[in-house]
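As stored in coords15.pdb (PDB, C-alpha atoms and all ligand atoms):
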```
ATOM      1  CA  LEU A   1     135.965 -84.851  21.982  1.00  0.00           C
ATOM      2  CA  LYS A   2     132.613 -84.597  20.257  1.00  0.00           C
ATOM      3  CA  ILE A   3     131.294 -82.498  17.428  1.00  0.00           C
ATOM      4  CA  LYS A   4     127.739 -81.210  17.201  1.00  0.00           C
ATOM      5  CA  LYS A   5     126.385 -79.707  14.029  1.00  0.00           C
ATOM      6  CA  ILE A   6     123.325 -77.469  14.172  1.00  0.00           C
ATOM      7  CA  GLY A   7     122.448 -76.338  10.658  1.00  0.00           C
ATOM      8  CA  THR A   8     125.687 -74.883   9.306  1.00  0.00           C
ATOM      9  CA  TYR A   9     127.168 -74.311  12.754  1.00  0.00           C
ATOM     10  CA  LEU A  10     129.801 -76.666  14.068  1.00  0.00           C
ATOM     11  CA  PHE A  11     130.544 -76.923  17.761  1.00  0.00           C
ATOM     12  CA  TYR A  12     133.381 -78.817  19.414  1.00  0.00           C
ATOM     13  CA  ILE A  13     132.536 -80.305  22.765  1.00  0.00           C
ATOM     14  CA  GLU A  14     134.909 -81.376  25.509  1.00  0.00           C
ATOM     15  CA  SER A  15     133.895 -83.136  28.706  1.00  0.00           C
ATOM     16  CA  PHE A  16     135.662 -82.804  32.065  1.00  0.00           C
ATOM     17  CA  GLY A  17     136.283 -86.253  33.570  1.00  0.00           C
ATOM     18  CA  PHE A  18     133.510 -88.198  35.214  1.00  0.00           C
ATOM     19  CA  ILE A  19     131.544 -85.144  36.280  1.00  0.00           C
ATOM     20  CA  ASP A  20     131.012 -84.483  32.579  1.00  0.00           C
ATOM     21  CA  SER A  21     130.986 -80.695  32.724  1.00  0.00           C
ATOM     22  CA  ARG A  22     130.997 -79.390  29.185  1.00  0.00           C
ATOM     23  CA  MET A  23     133.197 -76.972  27.305  1.00  0.00           C
ATOM     24  CA  TYR A  24     131.940 -75.712  23.936  1.00  0.00           C
ATOM     25  CA  VAL A  25     133.932 -74.155  21.137  1.00  0.00           C
ATOM     26  CA  PHE A  26     132.796 -72.370  17.993  1.00  0.00           C
ATOM     27  CA  ILE A  27     135.240 -71.142  15.336  1.00  0.00           C
ATOM     28  CA  LYS A  28     134.767 -68.486  12.672  1.00  0.00           C
ATOM     29  CA  ASN A  29     137.150 -66.201  10.753  1.00  0.00           C
ATOM     30  CA  ARG A  30     140.212 -67.390  12.706  1.00  0.00           C
ATOM     31  CA  LYS A  31     138.524 -66.470  15.950  1.00  0.00           C
ATOM     32  CA  ALA A  32     136.888 -68.701  18.531  1.00  0.00           C
ATOM     33  CA  ILE A  33     134.238 -68.532  21.188  1.00  0.00           C
ATOM     34  CA  ILE A  34     135.010 -70.780  24.120  1.00  0.00           C
ATOM     35  CA  ILE A  35     132.279 -71.433  26.645  1.00  0.00           C
ATOM     36  CA  ASP A  36     133.293 -72.796  30.050  1.00  0.00           C
ATOM     37  CA  PRO A  37     136.940 -73.558  29.289  1.00  0.00           C
ATOM     38  CA  GLN A  38     138.777 -76.620  30.517  1.00  0.00           C
ATOM     39  CA  ILE A  39     142.328 -77.640  29.745  1.00  0.00           C
ATOM     40  CA  SER A  40     142.265 -79.456  26.398  1.00  0.00           C
ATOM     41  CA  ASN A  41     145.184 -80.143  24.130  1.00  0.00           C
ATOM     42  CA  GLU A  42     142.808 -81.656  21.604  1.00  0.00           C
ATOM     43  CA  ILE A  43     140.852 -78.410  21.307  1.00  0.00           C
ATOM     44  CA  LYS A  44     144.086 -76.459  21.189  1.00  0.00           C
ATOM     45  CA  GLU A  45     145.130 -78.524  18.160  1.00  0.00           C
ATOM     46  CA  ILE A  46     141.813 -77.834  16.483  1.00  0.00           C
ATOM     47  CA  LEU A  47     142.297 -74.106  17.018  1.00  0.00           C
ATOM     48  CA  GLU A  48     145.785 -74.362  15.562  1.00  0.00           C
ATOM     49  CA  ILE A  49     144.538 -76.266  12.497  1.00  0.00           C
ATOM     50  CA  ASN A  50     141.938 -73.512  12.008  1.00  0.00           C
ATOM     51  CA  LYS A  51     144.632 -70.846  12.489  1.00  0.00           C
ATOM     52  CA  VAL A  52     142.667 -69.239  15.315  1.00  0.00           C
ATOM     53  CA  LYS A  53     144.408 -66.091  16.524  1.00  0.00           C
ATOM     54  CA  GLU A  54     142.162 -64.941  19.357  1.00  0.00           C
ATOM     55  CA  CYS A  55     139.330 -66.136  21.580  1.00  0.00           C
ATOM     56  CA  ILE A  56     136.502 -64.797  23.575  1.00  0.00           C
ATOM     57  CA  ILE A  57     135.752 -66.885  26.648  1.00  0.00           C
ATOM     58  CA  LEU A  58     132.200 -66.795  27.982  1.00  0.00           C
ATOM     59  CA  LEU A  59     131.366 -68.254  31.393  1.00  0.00           C
ATOM     60  CA  THR A  60     127.973 -69.721  32.242  1.00  0.00           C
ATOM     61  CA  HIS A  61     128.819 -69.472  35.944  1.00  0.00           C
ATOM     62  CA  GLU A  62     131.585 -69.321  38.507  1.00  0.00           C
ATOM     63  CA  HIS A  63     131.966 -72.969  39.536  1.00  0.00           C
ATOM     64  CA  TYR A  64     135.369 -74.555  39.268  1.00  0.00           C
ATOM     65  CA  ASP A  65     134.400 -77.284  36.831  1.00  0.00           C
ATOM     66  CA  HIS A  66     133.315 -74.580  34.357  1.00  0.00           C
ATOM     67  CA  ILE A  67     136.298 -72.234  34.680  1.00  0.00           C
ATOM     68  CA  SER A  68     139.223 -74.602  35.328  1.00  0.00           C
ATOM     69  CA  GLY A  69     140.836 -73.843  31.960  1.00  0.00           C
ATOM     70  CA  VAL A  70     140.712 -70.038  32.029  1.00  0.00           C
ATOM     71  CA  ASN A  71     144.324 -69.454  33.096  1.00  0.00           C
ATOM     72  CA  TRP A  72     145.652 -72.272  30.909  1.00  0.00           C
ATOM     73  CA  TRP A  73     143.924 -70.875  27.840  1.00  0.00           C
ATOM     74  CA  ARG A  74     145.354 -67.433  28.518  1.00  0.00           C
ATOM     75  CA  GLU A  75     148.800 -69.009  28.179  1.00  0.00           C
ATOM     76  CA  GLN A  76     147.924 -70.616  24.826  1.00  0.00           C
ATOM     77  CA  ILE A  77     146.266 -67.818  22.909  1.00  0.00           C
ATOM     78  CA  PRO A  78     145.112 -64.207  23.390  1.00  0.00           C
ATOM     79  CA  CYS A  79     141.786 -64.437  25.248  1.00  0.00           C
ATOM     80  CA  LYS A  80     139.236 -62.100  26.717  1.00  0.00           C
ATOM     81  CA  VAL A  81     136.918 -63.427  29.417  1.00  0.00           C
ATOM     82  CA  LEU A  82     133.344 -62.147  29.694  1.00  0.00           C
ATOM     83  CA  CYS A  83     130.830 -63.056  32.405  1.00  0.00           C
ATOM     84  CA  SER A  84     128.264 -61.493  34.731  1.00  0.00           C
ATOM     85  CA  SER A  85     129.602 -59.095  37.352  1.00  0.00           C
ATOM     86  CA  LYS A  86     128.807 -61.493  40.199  1.00  0.00           C
ATOM     87  CA  CYS A  87     130.554 -64.316  38.346  1.00  0.00           C
ATOM     88  CA  GLY A  88     133.554 -62.041  37.798  1.00  0.00           C
ATOM     89  CA  GLU A  89     133.710 -61.409  41.517  1.00  0.00           C
ATOM     90  CA  ASN A  90     133.314 -65.055  42.526  1.00  0.00           C
ATOM     91  CA  ILE A  91     135.832 -66.624  40.142  1.00  0.00           C
ATOM     92  CA  GLU A  92     138.582 -64.710  41.936  1.00  0.00           C
ATOM     93  CA  ASN A  93     137.842 -66.521  45.176  1.00  0.00           C
ATOM     94  CA  PRO A  94     138.552 -70.289  45.614  1.00  0.00           C
ATOM     95  CA  GLU A  95     135.728 -70.565  48.147  1.00  0.00           C
ATOM     96  CA  LYS A  96     133.181 -68.801  45.999  1.00  0.00           C
ATOM     97  CA  ASN A  97     134.201 -70.659  42.843  1.00  0.00           C
ATOM     98  CA  SER A  98     134.052 -73.928  44.863  1.00  0.00           C
ATOM     99  CA  ALA A  99     137.607 -75.057  44.027  1.00  0.00           C
ATOM    100  CA  ARG A 100     138.162 -75.327  47.764  1.00  0.00           C
ATOM    101  CA  TYR A 101     135.412 -77.919  48.102  1.00  0.00           C
ATOM    102  CA  PHE A 102     135.856 -79.678  44.812  1.00  0.00           C
ATOM    103  CA  ASN A 103     137.643 -82.547  46.524  1.00  0.00           C
ATOM    104  CA  ALA A 104     134.432 -83.543  48.248  1.00  0.00           C
ATOM    105  CA  LEU A 105     132.906 -84.390  44.889  1.00  0.00           C
ATOM    106  CA  PHE A 106     135.491 -87.112  44.323  1.00  0.00           C
ATOM    107  CA  ILE A 107     134.974 -89.095  47.477  1.00  0.00           C
ATOM    108  CA  LYS A 108     132.499 -91.665  46.188  1.00  0.00           C
ATOM    109  CA  LYS A 109     133.962 -91.880  42.706  1.00  0.00           C
ATOM    110  CA  GLU A 110     136.203 -94.453  41.091  1.00  0.00           C
ATOM    111  CA  GLU A 111     139.921 -94.341  41.794  1.00  0.00           C
ATOM    112  CA  ALA A 112     140.934 -93.994  38.131  1.00  0.00           C
ATOM    113  CA  ASN A 113     138.728 -90.967  37.662  1.00  0.00           C
ATOM    114  CA  ILE A 114     139.974 -89.356  40.825  1.00  0.00           C
ATOM    115  CA  LYS A 115     143.521 -89.604  39.498  1.00  0.00           C
ATOM    116  CA  THR A 116     142.603 -88.086  36.144  1.00  0.00           C
ATOM    117  CA  VAL A 117     140.927 -85.102  37.682  1.00  0.00           C
ATOM    118  CA  LYS A 118     143.515 -84.649  40.437  1.00  0.00           C
ATOM    119  CA  ASN A 119     146.126 -84.043  37.787  1.00  0.00           C
ATOM    120  CA  VAL A 120     144.458 -80.778  36.898  1.00  0.00           C
ATOM    121  CA  TYR A 121     142.737 -80.068  40.190  1.00  0.00           C
ATOM    122  CA  LYS A 122     143.886 -77.082  42.231  1.00  0.00           C
ATOM    123  CA  ASP A 123     142.070 -76.242  45.443  1.00  0.00           C
ATOM    124  CA  ASP A 124     143.376 -72.667  45.430  1.00  0.00           C
ATOM    125  CA  PHE A 125     142.262 -72.004  41.864  1.00  0.00           C
ATOM    126  CA  SER A 126     141.196 -68.508  40.938  1.00  0.00           C
ATOM    127  CA  CYS A 127     141.003 -66.528  37.730  1.00  0.00           C
ATOM    128  CA  LYS A 128     139.883 -63.156  36.438  1.00  0.00           C
ATOM    129  CA  ALA A 129     137.397 -61.711  33.980  1.00  0.00           C
ATOM    130  CA  ASP A 130     138.330 -59.004  31.475  1.00  0.00           C
ATOM    131  CA  MET A 131     134.799 -57.786  30.876  1.00  0.00           C
ATOM    132  CA  ILE A 132     131.711 -58.016  33.046  1.00  0.00           C
ATOM    133  CA  TYR A 133     128.094 -57.090  32.494  1.00  0.00           C
ATOM    134  CA  ASN A 134     125.013 -56.419  34.595  1.00  0.00           C
ATOM    135  CA  ASP A 135     121.505 -57.595  33.648  1.00  0.00           C
ATOM    136  CA  GLU A 136     122.215 -58.373  30.008  1.00  0.00           C
ATOM    137  CA  ILE A 137     124.551 -57.748  27.110  1.00  0.00           C
ATOM    138  CA  HIS A 138     124.226 -58.093  23.335  1.00  0.00           C
ATOM    139  CA  LEU A 139     127.273 -58.810  21.208  1.00  0.00           C
ATOM    140  CA  ASN A 140     127.714 -58.997  17.488  1.00  0.00           C
ATOM    141  CA  TRP A 141     130.539 -61.504  17.190  1.00  0.00           C
ATOM    142  CA  GLU A 142     131.722 -62.023  13.621  1.00  0.00           C
ATOM    143  CA  GLY A 143     128.130 -61.562  12.454  1.00  0.00           C
ATOM    144  CA  GLU A 144     126.658 -63.959  15.032  1.00  0.00           C
ATOM    145  CA  LYS A 145     124.247 -62.584  17.592  1.00  0.00           C
ATOM    146  CA  ILE A 146     125.317 -63.416  21.108  1.00  0.00           C
ATOM    147  CA  TYR A 147     123.158 -62.420  24.044  1.00  0.00           C
ATOM    148  CA  LEU A 148     123.926 -63.012  27.707  1.00  0.00           C
ATOM    149  CA  ARG A 149     121.484 -62.445  30.521  1.00  0.00           C
ATOM    150  CA  GLU A 150     121.930 -62.903  34.213  1.00  0.00           C
ATOM    151  CA  ALA A 151     120.516 -66.165  35.492  1.00  0.00           C
ATOM    152  CA  PRO A 152     120.962 -66.594  39.237  1.00  0.00           C
ATOM    153  CA  GLY A 153     119.549 -69.785  40.743  1.00  0.00           C
ATOM    154  CA  HIS A 154     122.102 -72.567  40.571  1.00  0.00           C
ATOM    155  CA  SER A 155     124.695 -69.966  41.593  1.00  0.00           C
ATOM    156  CA  GLU A 156     124.932 -66.213  42.094  1.00  0.00           C
ATOM    157  CA  GLY A 157     126.858 -65.506  38.920  1.00  0.00           C
ATOM    158  CA  GLY A 158     124.916 -67.540  36.360  1.00  0.00           C
ATOM    159  CA  SER A 159     124.250 -66.479  32.788  1.00  0.00           C
ATOM    160  CA  LEU A 160     122.083 -67.872  30.034  1.00  0.00           C
ATOM    161  CA  ILE A 161     124.075 -67.468  26.831  1.00  0.00           C
ATOM    162  CA  PHE A 162     122.056 -67.229  23.632  1.00  0.00           C
ATOM    163  CA  PHE A 163     123.690 -67.933  20.283  1.00  0.00           C
ATOM    164  CA  ASN A 164     121.525 -66.517  17.487  1.00  0.00           C
ATOM    165  CA  ASP A 165     117.867 -67.501  17.751  1.00  0.00           C
ATOM    166  CA  ASN A 166     117.946 -71.219  18.311  1.00  0.00           C
ATOM    167  CA  ILE A 167     120.816 -72.160  20.629  1.00  0.00           C
ATOM    168  CA  VAL A 168     121.211 -71.535  24.360  1.00  0.00           C
ATOM    169  CA  PHE A 169     124.101 -72.423  26.636  1.00  0.00           C
ATOM    170  CA  THR A 170     122.456 -72.966  29.987  1.00  0.00           C
ATOM    171  CA  GLY A 171     125.333 -73.941  32.279  1.00  0.00           C
ATOM    172  CA  ASP A 172     124.034 -75.676  35.385  1.00  0.00           C
ATOM    173  CA  ASN A 173     120.715 -73.834  35.230  1.00  0.00           C
ATOM    174  CA  LEU A 174     119.591 -76.666  32.963  1.00  0.00           C
ATOM    175  CA  VAL A 175     121.542 -79.898  32.679  1.00  0.00           C
ATOM    176  CA  ASN A 176     120.575 -82.988  30.735  1.00  0.00           C
ATOM    177  CA  GLY A 177     119.570 -85.808  33.056  1.00  0.00           C
ATOM    178  CA  ASN A 178     119.228 -84.148  36.455  1.00  0.00           C
ATOM    179  CA  LEU A 179     117.110 -81.524  38.162  1.00  0.00           C
ATOM    180  CA  VAL A 180     118.765 -78.190  38.884  1.00  0.00           C
ATOM    181  CA  ILE A 181     120.877 -78.010  42.032  1.00  0.00           C
ATOM    182  CA  THR A 182     120.239 -74.884  44.094  1.00  0.00           C
ATOM    183  CA  ARG A 183     121.555 -76.097  47.441  1.00  0.00           C
ATOM    184  CA  LEU A 184     125.225 -75.159  46.869  1.00  0.00           C
ATOM    185  CA  PRO A 185     126.520 -71.894  48.402  1.00  0.00           C
ATOM    186  CA  GLY A 186     125.087 -68.986  46.412  1.00  0.00           C
ATOM    187  CA  GLY A 187     122.271 -71.103  45.004  1.00  0.00           C
ATOM    188  CA  LYS A 188     118.693 -69.883  45.487  1.00  0.00           C
ATOM    189  CA  LYS A 189     115.620 -71.854  44.575  1.00  0.00           C
ATOM    190  CA  GLU A 190     113.357 -68.773  44.652  1.00  0.00           C
ATOM    191  CA  LEU A 191     115.601 -66.906  42.231  1.00  0.00           C
ATOM    192  CA  TYR A 192     115.656 -69.876  39.888  1.00  0.00           C
ATOM    193  CA  LYS A 193     111.877 -69.998  39.815  1.00  0.00           C
ATOM    194  CA  LYS A 194     111.615 -66.274  39.240  1.00  0.00           C
ATOM    195  CA  LYS A 195     114.549 -65.484  36.942  1.00  0.00           C
ATOM    196  CA  VAL A 196     115.442 -68.639  35.044  1.00  0.00           C
ATOM    197  CA  GLN A 197     112.606 -71.139  34.799  1.00  0.00           C
ATOM    198  CA  PRO A 198     110.180 -68.696  33.091  1.00  0.00           C
ATOM    199  CA  VAL A 199     112.812 -67.681  30.530  1.00  0.00           C
ATOM    200  CA  LEU A 200     113.484 -71.297  29.599  1.00  0.00           C
ATOM    201  CA  GLU A 201     109.792 -72.155  29.476  1.00  0.00           C
ATOM    202  CA  ALA A 202     109.118 -69.262  27.112  1.00  0.00           C
ATOM    203  CA  LEU A 203     111.606 -70.533  24.515  1.00  0.00           C
ATOM    204  CA  SER A 204     110.554 -72.461  21.456  1.00  0.00           C
ATOM    205  CA  PRO A 205     110.486 -76.207  22.249  1.00  0.00           C
ATOM    206  CA  VAL A 206     112.902 -76.886  19.388  1.00  0.00           C
ATOM    207  CA  THR A 207     115.574 -74.547  20.798  1.00  0.00           C
ATOM    208  CA  TRP A 208     118.886 -76.363  21.088  1.00  0.00           C
ATOM    209  CA  ILE A 209     120.099 -76.587  24.660  1.00  0.00           C
ATOM    210  CA  PHE A 210     123.834 -76.873  25.270  1.00  0.00           C
ATOM    211  CA  PRO A 211     123.832 -77.800  28.957  1.00  0.00           C
ATOM    212  CA  GLY A 212     126.507 -77.510  31.639  1.00  0.00           C
ATOM    213  CA  HIS A 213     126.542 -81.301  31.958  1.00  0.00           C
ATOM    214  CA  GLY A 214     125.188 -84.034  29.707  1.00  0.00           C
ATOM    215  CA  GLU A 215     124.294 -84.213  26.046  1.00  0.00           C
ATOM    216  CA  VAL A 216     123.063 -81.433  23.787  1.00  0.00           C
ATOM    217  CA  ALA A 217     119.320 -81.763  23.220  1.00  0.00           C
ATOM    218  CA  GLN A 218     116.313 -79.788  22.113  1.00  0.00           C
ATOM    219  CA  LEU A 219     114.339 -78.010  24.804  1.00  0.00           C
ATOM    220  CA  TYR A 220     111.317 -80.308  24.615  1.00  0.00           C
ATOM    221  CA  GLU A 221     113.595 -83.250  25.465  1.00  0.00           C
ATOM    222  CA  VAL A 222     115.061 -81.635  28.590  1.00  0.00           C
ATOM    223  CA  ILE A 223     112.482 -79.124  29.833  1.00  0.00           C
ATOM    224  CA  GLN A 224     111.452 -81.609  32.539  1.00  0.00           C
ATOM    225  CA  TYR A 225     114.847 -80.963  34.166  1.00  0.00           C
ATOM    226  CA  ALA A 226     114.246 -77.193  34.397  1.00  0.00           C
ATOM    227  CA  LYS A 227     113.081 -77.625  37.980  1.00  0.00           C
ATOM    228  CA  THR A 228     114.876 -77.359  41.265  1.00  0.00           C
ATOM    229  CA  GLU A 229     115.870 -80.442  43.210  1.00  0.00           C
ATOM    230  CA  ARG A 230     113.835 -81.255  46.267  1.00  0.00           C
ATOM    231  CA  ARG A 231     115.784 -81.035  49.479  1.00  0.00           C
ATOM    232  CA  LYS A 232     116.565 -84.512  50.789  1.00  0.00           C
TER
HETATM  233 ZN    ZN B 301     127.803 -75.443  38.849  1.00  0.00          ZN
END
```
Any chance you could give the structure as structure tokens?
Ligand SMILES: [Zn+2]
Amino acid sequence: LKIKKIGTYLFYIESFGFIDSRMYVFIKNRKAIIIDPQISNEIKEILEINKVKECIILLTHEHYDHISGVNWWREQIPCKVLCSSKCGENIENPEKNSARYFNALFIKKEEANIKTVKNVYKDDFSCKADMIYNDEIHLNWEGEKIYLREAPGHSEGGSLIFFNDNIVFTGDNLVNGNLVITRLPGGKKELYKKKVQPVLEALSPVTWIFPGHGEVAQLYEVIQYAKTERRK
């Protein structure tokens, strides 16, 4: 578990095994925003300490490593899940949310890690959204401005999630340390170049990027990764 402080905002960060997909949590007024939930007893304890009574779950995209905790969290605390309409469609389907193929990611990895992840891994995983949006949606959440806009490219159901003016949760449309993968099912290089890359490039270079994988950084430190991978 890590903590990142941006000004007066405190974010809790959880990482999913060796693939390092990131879950982010922000707490205010006994409510929490959870982005890309994974199962985490540590985060659950933090919510309990902060007397959190309800959560809104936002999804950056439909892939299994970013939604694996949705059903578990619903059992812990009242939650509402919001994502793009395409994401909402795809998370219900283990093929479209890639749970079915998740196994393949483990093959070359260390045995210990495989065991850790297999404990929570379900190849028939599916979950449901409570609210979906098309194009974009603005929320006023406990006085914080949240803005989601559709960001297809890495996957069909991607969103860029803006938190006030200086923080963006990019999911796998910008990760720290690797170029953007568009070769998975539903990924489209052309859409990334048209719908996502220009939006990221237009942001202030000091914008804080909370990526789908890897460490939080400012845009100028990671903008070189806002490009699609070359086909090998
Ligand atoms: Zn992904």
(message) Since I can't run it myself right now, could you work out what the PyMOL selection byres (((chain A and resi 87-95) around 6) and not hetatm) selects here and report it as a PyMOL selection string?
(response) chain A and resi 61-62+84-86+96-100+124-129+157
Compile a residue-level contact table for chain A against ligand ZN 301 (chain B) at a cut-off of 9 Å, reporting for every qualifying residue the shortest atom pair and its distance in Å to one decimal, with only C-alpha atoms and all ligand atoms counted, rows ordered by chain and ascending number, as JSON lines.
```
{"residue": "A:Ser21", "atom": "CA", "partner": "B:ZN301", "partner_atom": "ZN", "distance": 8.7}
{"residue": "A:Thr60", "atom": "CA", "partner": "B:ZN301", "partner_atom": "ZN", "distance": 8.7}
{"residue": "A:His61", "atom": "CA", "partner": "B:ZN301", "partner_atom": "ZN", "distance": 6.7}
{"residue": "A:Glu62", "atom": "CA", "partner": "B:ZN301", "partner_atom": "ZN", "distance": 7.2}
{"residue": "A:His63", "atom": "CA", "partner": "B:ZN301", "partner_atom": "ZN", "distance": 4.9}
{"residue": "A:Tyr64", "atom": "CA", "partner": "B:ZN301", "partner_atom": "ZN", "distance": 7.6}
{"residue": "A:Asp65", "atom": "CA", "partner": "B:ZN301", "partner_atom": "ZN", "distance": 7.1}
{"residue": "A:His66", "atom": "CA", "partner": "B:ZN301", "partner_atom": "ZN", "distance": 7.2}
{"residue": "A:Asn97", "atom": "CA", "partner": "B:ZN301", "partner_atom": "ZN", "distance": 8.9}
{"residue": "A:Ser98", "atom": "CA", "partner": "B:ZN301", "partner_atom": "ZN", "distance": 8.8}
{"residue": "A:His154", "atom": "CA", "partner": "B:ZN301", "partner_atom": "ZN", "distance": 6.6}
{"residue": "A:Ser155", "atom": "CA", "partner": "B:ZN301", "partner_atom": "ZN", "distance": 6.9}
{"residue": "A:Gly158", "atom": "CA", "partner": "B:ZN301", "partner_atom": "ZN", "distance": 8.8}
{"residue": "A:Gly171", "atom": "CA", "partner": "B:ZN301", "partner_atom": "ZN", "distance": 7.2}
{"residue": "A:Asp172", "atom": "CA", "partner": "B:ZN301", "partner_atom": "ZN", "distance": 5.1}
{"residue": "A:Asn173", "atom": "CA", "partner": "B:ZN301", "partner_atom": "ZN", "distance": 8.1}
{"residue": "A:Ile181", "atom": "CA", "partner": "B:ZN301", "partner_atom": "ZN", "distance": 8.0}
{"residue": "A:Leu184", "atom": "CA", "partner": "B:ZN301", "partner_atom": "ZN", "distance": 8.4}
{"residue": "A:Gly212", "atom": "CA", "partner": "B:ZN301", "partner_atom": "ZN", "distance": 7.6}
```
Counting all atoms listed in the file, what are the residues of segment 10-39 of chain A within 12 Å of segment 54-58 of chain A, and for each of them which pair of atoms is the nearest and at what distance in Å, to one decimal? Sort the table by chain and rising number, as a Markdown table.
```
| residue | atom | partner | partner_atom | distance |
| --- | --- | --- | --- | --- |
| A:Met23 | CA | A:Leu58 | CA | 10.2 |
| A:Tyr24 | CA | A:Leu58 | CA | 9.8 |
| A:Val25 | CA | A:Ile57 | CA | 9.3 |
| A:Phe26 | CA | A:Cys55 | CA | 9.7 |
| A:Ile27 | CA | A:Cys55 | CA | 9.0 |
| A:Lys28 | CA | A:Cys55 | CA | 10.3 |
| A:Asn29 | CA | A:Glu54 | CA | 10.0 |
| A:Arg30 | CA | A:Glu54 | CA | 7.4 |
| A:Lys31 | CA | A:Glu54 | CA | 5.2 |
| A:Ala32 | CA | A:Cys55 | CA | 4.7 |
| A:Ile33 | CA | A:Ile56 | CA | 5.0 |
| A:Ile34 | CA | A:Ile57 | CA | 4.7 |
| A:Ile35 | CA | A:Leu58 | CA | 4.8 |
| A:Asp36 | CA | A:Leu58 | CA | 6.4 |
| A:Pro37 | CA | A:Ile57 | CA | 7.3 |
| A:Gln38 | CA | A:Ile57 | CA | 10.9 |
```
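Between atom CA of Ile167 of chain A and atom CA of Arg230 of chain A the separation is 28.1 Å.
Atom CA of Leu148 of chain A lies 12.5 Å from atom CA of Asp165 of chain A.
Interatomic distance, atom CA of Ile223 of chain A against atom CA of Leu59 of chain A: 21.8 Å.
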(message) For this structure, which residues satisfy the selection - the PyMOL selection byres (((chain A and resi 189-202) around 6) and not hetatm) - when it is evaluated on the file as given? I want them as a ChimeraX atom specification.
(response) /A:151,153,182,188,203
Provide segment 209-220 of chain A rebuilt to N, CA and C atoms, formatted as a short mmCIF file (atom, residue, chain, number, x, y, z; two decimals), in the coordinates of the input.
```
data_model
loop_
_atom_site.label_atom_id
_atom_site.label_comp_id
_atom_site.auth_asym_id
_atom_site.auth_seq_id
_atom_site.Cartn_x
_atom_site.Cartn_y
_atom_site.Cartn_z
N ILE A 209 119.53 -76.86 23.35
CA ILE A 209 120.10 -76.59 24.66
C ILE A 209 121.47 -77.24 24.74
N PHE A 210 122.48 -76.39 25.01
CA PHE A 210 123.83 -76.87 25.27
C PHE A 210 124.04 -76.76 26.79
N PRO A 211 123.87 -77.86 27.49
CA PRO A 211 123.83 -77.80 28.96
C PRO A 211 125.22 -77.81 29.60
N GLY A 212 125.25 -77.49 30.88
CA GLY A 212 126.51 -77.51 31.64
C GLY A 212 127.05 -78.91 31.83
N HIS A 213 126.16 -79.88 31.85
CA HIS A 213 126.54 -81.30 31.96
C HIS A 213 125.57 -82.10 31.09
N GLY A 214 126.06 -83.15 30.49
CA GLY A 214 125.19 -84.03 29.71
C GLY A 214 125.10 -83.61 28.25
N GLU A 215 124.31 -84.37 27.50
CA GLU A 215 124.29 -84.21 26.05
C GLU A 215 123.45 -83.01 25.58
N VAL A 216 123.85 -82.47 24.45
CA VAL A 216 123.06 -81.43 23.79
C VAL A 216 121.72 -82.03 23.38
N ALA A 217 120.66 -81.26 23.56
CA ALA A 217 119.32 -81.76 23.22
C ALA A 217 118.42 -80.58 22.90
N GLN A 218 117.27 -80.87 22.34
CA GLN A 218 116.31 -79.79 22.11
C GLN A 218 115.48 -79.59 23.37
N LEU A 219 114.99 -78.37 23.54
CA LEU A 219 114.34 -78.01 24.80
C LEU A 219 113.24 -78.99 25.21
N TYR A 220 112.43 -79.42 24.25
CA TYR A 220 111.32 -80.31 24.62
C TYR A 220 111.80 -81.64 25.20
#
```
